[in-house]
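Engineer: There's a structure below that I have some questions on.
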Amino acid sequence: MKTTLRDYRSIIEPVWCPGCGDFGVLSALEKALGELDILPENIIAVSGIGCSGRLSHYLNTYSLHGTHGRAVPLALGAKAARPDLTVLAMGGDGDGLGIGGGHIVHAARKNVDITYLLLDNRIYGLTKGQSSPTTPIGRKTKTSPWGVYEDTLAAIPIFLAYDVSFVARGASVNVKELTGIIREAITHRGMSIVYVLSPCRTFPVLDFKAAKSMFTPLPPDHDRTDKMKAMALAYANDPMYTGVFYEVDKPTLNDRLDSEVRKAEAELGGRQATIEQLINHFI
Ligand code: SF4
């Protein structure tokens, strides 16, 4: 029987502020999962700490709300153990680009087959308005009373430089487009990142009204295998492009692990190896 949107919504009522951009992301994610008809019991949603980390609470899937900045390594472990399941990681700009920023490059190197939804509202919202790595330079916040004096981190060029095998940007104000992007990200084999600009109502560093007119879809003839072109488009700010910047097909972590196991089994005479035999084979 085909799933319906209600199948993906947990019984927990969202406690986000009215009008929070994260509602748009939840809606797009539920729609994408419904269109792909993935059974909720075949999904693991792993989140970090922050307002967007609550996403995993509101999904009727297996979920894990981890510690700050650790959504990606937890999701990596889940996928390595259960490659048959759809594994989603999710969190905000502070969680994913600040505290947990160092994890993305290593997950990208492994090309673990997870989809990471990184929601950027350019502020730490849950802890009441401290500057994050994407708060614009000069902006006054609780932790920058004289204005942020650091450069703003450019997330998409970093993901491209890390060679994440699927890199996209969406906006919570454009739910229909975001649904399609998330759907493509989940079907991609390998690590996919959907970087979502999601305005915060309470600490509006990213202005909600402005967000409605600051994005435009990538040119229809954009070649998503052309990383250098993707890099140039990622730096454009007026307008800011949304869509899939880059996609490449390469072996995933589980492909590589499986190939090692097959090699060991072949050397053991083609039998399915026990854990002890595999360990003994490698030492
Ligand atoms: Fe959303 Fe901002 Fe409220 Fe957090 S503080 S729930 S990001 S509007």
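Identifiers for the structure tokens are assigned positionally: chains receive A, B, ... in sequence, residues are indexed from 1 per chain, and ligands are indexed from 1 in the order shown.
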Any residue with an atom at most 12 Å from ligand 1 counts, using only C-alpha atoms and all ligand atoms. Which are they? Put them as a PyMOL selection string.

Structural biologist: chain A and resi 14-25+49-55+91-94+119-130+172+197-208

Engineer: Given the selection you just returned, output its residues as a file containing N, CA and C atoms, formatted as a short mmCIF file (atom, residue, chain, number, x, y, z; two decimals), in the first residue's frame.

Structural biologist:
data_model
loop_
_atom_site.label_atom_id
_atom_site.label_comp_id
_atom_site.auth_asym_id
_atom_site.auth_seq_id
_atom_site.Cartn_x
_atom_site.Cartn_y
_atom_site.Cartn_z
N PRO A 14 5.28 20.01 16.62
CA PRO A 14 6.45 20.90 16.54
C PRO A 14 6.33 22.08 17.50
N VAL A 15 7.44 22.39 18.15
CA VAL A 15 7.46 23.53 19.08
C VAL A 15 8.26 24.70 18.50
N TRP A 16 8.51 24.67 17.19
CA TRP A 16 9.19 25.79 16.54
C TRP A 16 8.32 27.04 16.67
N CYS A 17 8.93 28.20 16.64
CA CYS A 17 8.19 29.46 16.69
C CYS A 17 7.26 29.51 15.46
N PRO A 18 6.08 30.15 15.62
CA PRO A 18 5.20 30.28 14.45
C PRO A 18 5.93 30.95 13.29
N GLY A 19 5.80 30.36 12.12
CA GLY A 19 6.42 30.94 10.92
C GLY A 19 7.88 30.57 10.72
N CYS A 20 8.45 29.73 11.59
CA CYS A 20 9.85 29.30 11.43
C CYS A 20 10.04 28.62 10.07
N GLY A 21 11.15 28.91 9.42
CA GLY A 21 11.43 28.31 8.12
C GLY A 21 11.51 26.79 8.17
N ASP A 22 11.81 26.25 9.33
CA ASP A 22 12.01 24.80 9.42
C ASP A 22 10.71 24.02 9.12
N PHE A 23 9.55 24.67 9.28
CA PHE A 23 8.29 24.00 8.91
C PHE A 23 8.32 23.65 7.42
N GLY A 24 8.86 24.56 6.61
CA GLY A 24 8.92 24.33 5.17
C GLY A 24 9.82 23.14 4.84
N VAL A 25 10.90 22.98 5.60
CA VAL A 25 11.82 21.86 5.35
C VAL A 25 11.15 20.54 5.74
N ILE A 49 22.14 19.11 17.55
CA ILE A 49 21.44 19.97 18.51
C ILE A 49 21.12 21.32 17.85
N GLY A 50 19.97 21.87 18.21
CA GLY A 50 19.55 23.15 17.66
C GLY A 50 18.10 23.06 17.24
N CYS A 51 17.54 24.20 16.83
CA CYS A 51 16.12 24.18 16.42
C CYS A 51 15.91 23.16 15.32
N SER A 52 16.77 23.16 14.31
CA SER A 52 16.58 22.23 13.20
C SER A 52 16.87 20.79 13.61
N GLY A 53 17.61 20.61 14.69
CA GLY A 53 17.84 19.26 15.21
C GLY A 53 16.55 18.60 15.67
N ARG A 54 15.51 19.41 15.88
CA ARG A 54 14.22 18.84 16.30
C ARG A 54 13.50 18.13 15.16
N LEU A 55 13.99 18.33 13.94
CA LEU A 55 13.34 17.69 12.79
C LEU A 55 13.14 16.19 13.03
N GLY A 91 20.59 19.02 10.67
CA GLY A 91 21.00 19.95 11.73
C GLY A 91 21.20 21.34 11.13
N GLY A 92 21.67 22.26 11.96
CA GLY A 92 21.77 23.65 11.55
C GLY A 92 23.18 24.09 11.20
N ASP A 93 23.33 25.41 10.98
CA ASP A 93 24.63 25.97 10.57
C ASP A 93 25.63 25.94 11.73
N GLY A 94 25.18 26.23 12.93
CA GLY A 94 26.08 26.16 14.08
C GLY A 94 26.53 24.73 14.31
N LEU A 119 20.48 22.92 7.54
CA LEU A 119 19.59 24.09 7.53
C LEU A 119 20.34 25.31 8.06
N ASP A 120 20.37 26.35 7.26
CA ASP A 120 21.14 27.54 7.64
C ASP A 120 20.20 28.73 7.86
N ASN A 121 20.13 29.18 9.13
CA ASN A 121 19.38 30.42 9.40
C ASN A 121 20.34 31.55 9.80
N ARG A 122 21.65 31.26 9.72
CA ARG A 122 22.71 32.24 9.95
C ARG A 122 22.78 32.74 11.38
N ILE A 123 22.34 31.90 12.33
CA ILE A 123 22.36 32.32 13.74
C ILE A 123 22.16 31.06 14.59
N TYR A 124 22.61 31.09 15.84
CA TYR A 124 22.24 30.03 16.79
C TYR A 124 20.88 30.45 17.36
N GLY A 125 19.80 29.83 16.88
CA GLY A 125 18.45 30.24 17.31
C GLY A 125 18.05 29.65 18.65
N LEU A 126 18.30 28.34 18.83
CA LEU A 126 17.82 27.67 20.06
C LEU A 126 18.43 28.29 21.31
N THR A 127 19.69 28.69 21.23
CA THR A 127 20.37 29.26 22.40
C THR A 127 20.27 30.78 22.45
N LYS A 128 19.36 31.33 21.61
CA LYS A 128 18.91 32.72 21.73
C LYS A 128 19.81 33.77 21.08
N GLY A 129 20.35 33.42 19.90
CA GLY A 129 20.88 34.48 19.05
C GLY A 129 22.36 34.79 19.12
N GLN A 130 23.18 33.74 19.19
CA GLN A 130 24.63 33.97 19.10
C GLN A 130 25.06 33.84 17.63
N SER A 172 13.79 27.09 2.25
CA SER A 172 12.56 26.62 2.88
C SER A 172 11.35 27.40 2.40
N LEU A 197 18.64 27.21 2.97
CA LEU A 197 18.49 28.50 3.65
C LEU A 197 17.10 28.52 4.27
N SER A 198 17.06 28.63 5.59
CA SER A 198 15.78 28.50 6.31
C SER A 198 15.67 29.63 7.34
N PRO A 199 14.96 30.72 7.01
CA PRO A 199 14.96 31.89 7.89
C PRO A 199 14.40 31.62 9.28
N CYS A 200 15.00 32.30 10.25
CA CYS A 200 14.54 32.26 11.65
C CYS A 200 13.66 33.49 11.87
N ARG A 201 12.47 33.29 12.41
CA ARG A 201 11.55 34.41 12.66
C ARG A 201 11.99 35.25 13.86
N THR A 202 12.54 34.56 14.86
CA THR A 202 12.81 35.25 16.13
C THR A 202 14.11 36.04 16.07
N PHE A 203 15.10 35.50 15.38
CA PHE A 203 16.39 36.21 15.20
C PHE A 203 16.62 36.31 13.69
N PRO A 204 15.94 37.27 13.06
CA PRO A 204 15.88 37.25 11.58
C PRO A 204 17.12 37.82 10.89
N VAL A 205 18.22 37.10 10.99
CA VAL A 205 19.43 37.50 10.26
C VAL A 205 19.19 37.32 8.76
N LEU A 206 18.54 36.20 8.44
CA LEU A 206 18.12 35.96 7.05
C LEU A 206 16.66 36.41 6.98
N ASP A 207 16.42 37.52 6.31
CA ASP A 207 15.09 38.12 6.32
C ASP A 207 14.08 37.28 5.51
N PHE A 208 12.93 37.01 6.10
CA PHE A 208 11.93 36.14 5.49
C PHE A 208 11.42 36.71 4.18
#

Engineer: What is the atom CA of Ser27 of chain A to atom CA of Val175 of chain A distance in Å?

Structural biologist: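 Distance between the two atoms: 7.3 Å.
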
Engineer: Which residues of segment 97-123 of chain A have any atom within 12 Å of an atom in segment 29-34 of chain A when counting only C-alpha atoms, and what is the closest pair of atoms for each, with the distance in Å to one decimal? Order the rows by chain and rising number and write it as CSV.

Structural biologist:
residue,atom,partner,partner_atom,distance
A:Thr115,CA,A:Leu29,CA,11.2
A:Tyr116,CA,A:Leu29,CA,11.6
A:Leu117,CA,A:Leu29,CA,9.4

Engineer: Give me a file of those residues, with C-alpha atoms, as an mmCIF file, in the first residue's frame.

Structural biologist:
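Writing done, so here's part_14.cif:
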data_model
loop_
_atom_site.group_PDB
_atom_site.id
_atom_site.type_symbol
_atom_site.label_atom_id
_atom_site.label_comp_id
_atom_site.auth_asym_id
_atom_site.auth_seq_id
_atom_site.Cartn_x
_atom_site.Cartn_y
_atom_site.Cartn_z
ATOM 1 C CA THR A 115 21.629 12.498 2.869
ATOM 2 C CA TYR A 116 22.543 15.456 5.044
ATOM 3 C CA LEU A 117 20.037 18.307 5.329
#

Engineer: When distances are computed from only C-alpha atoms, which of A:Ala210, A:Ala264, A:Ala168, A:Ile186 shows the smallest separation from Tyr241 of chain A?

Structural biologist: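 Closest residue, counting only C-alpha atoms: A:Ala168.
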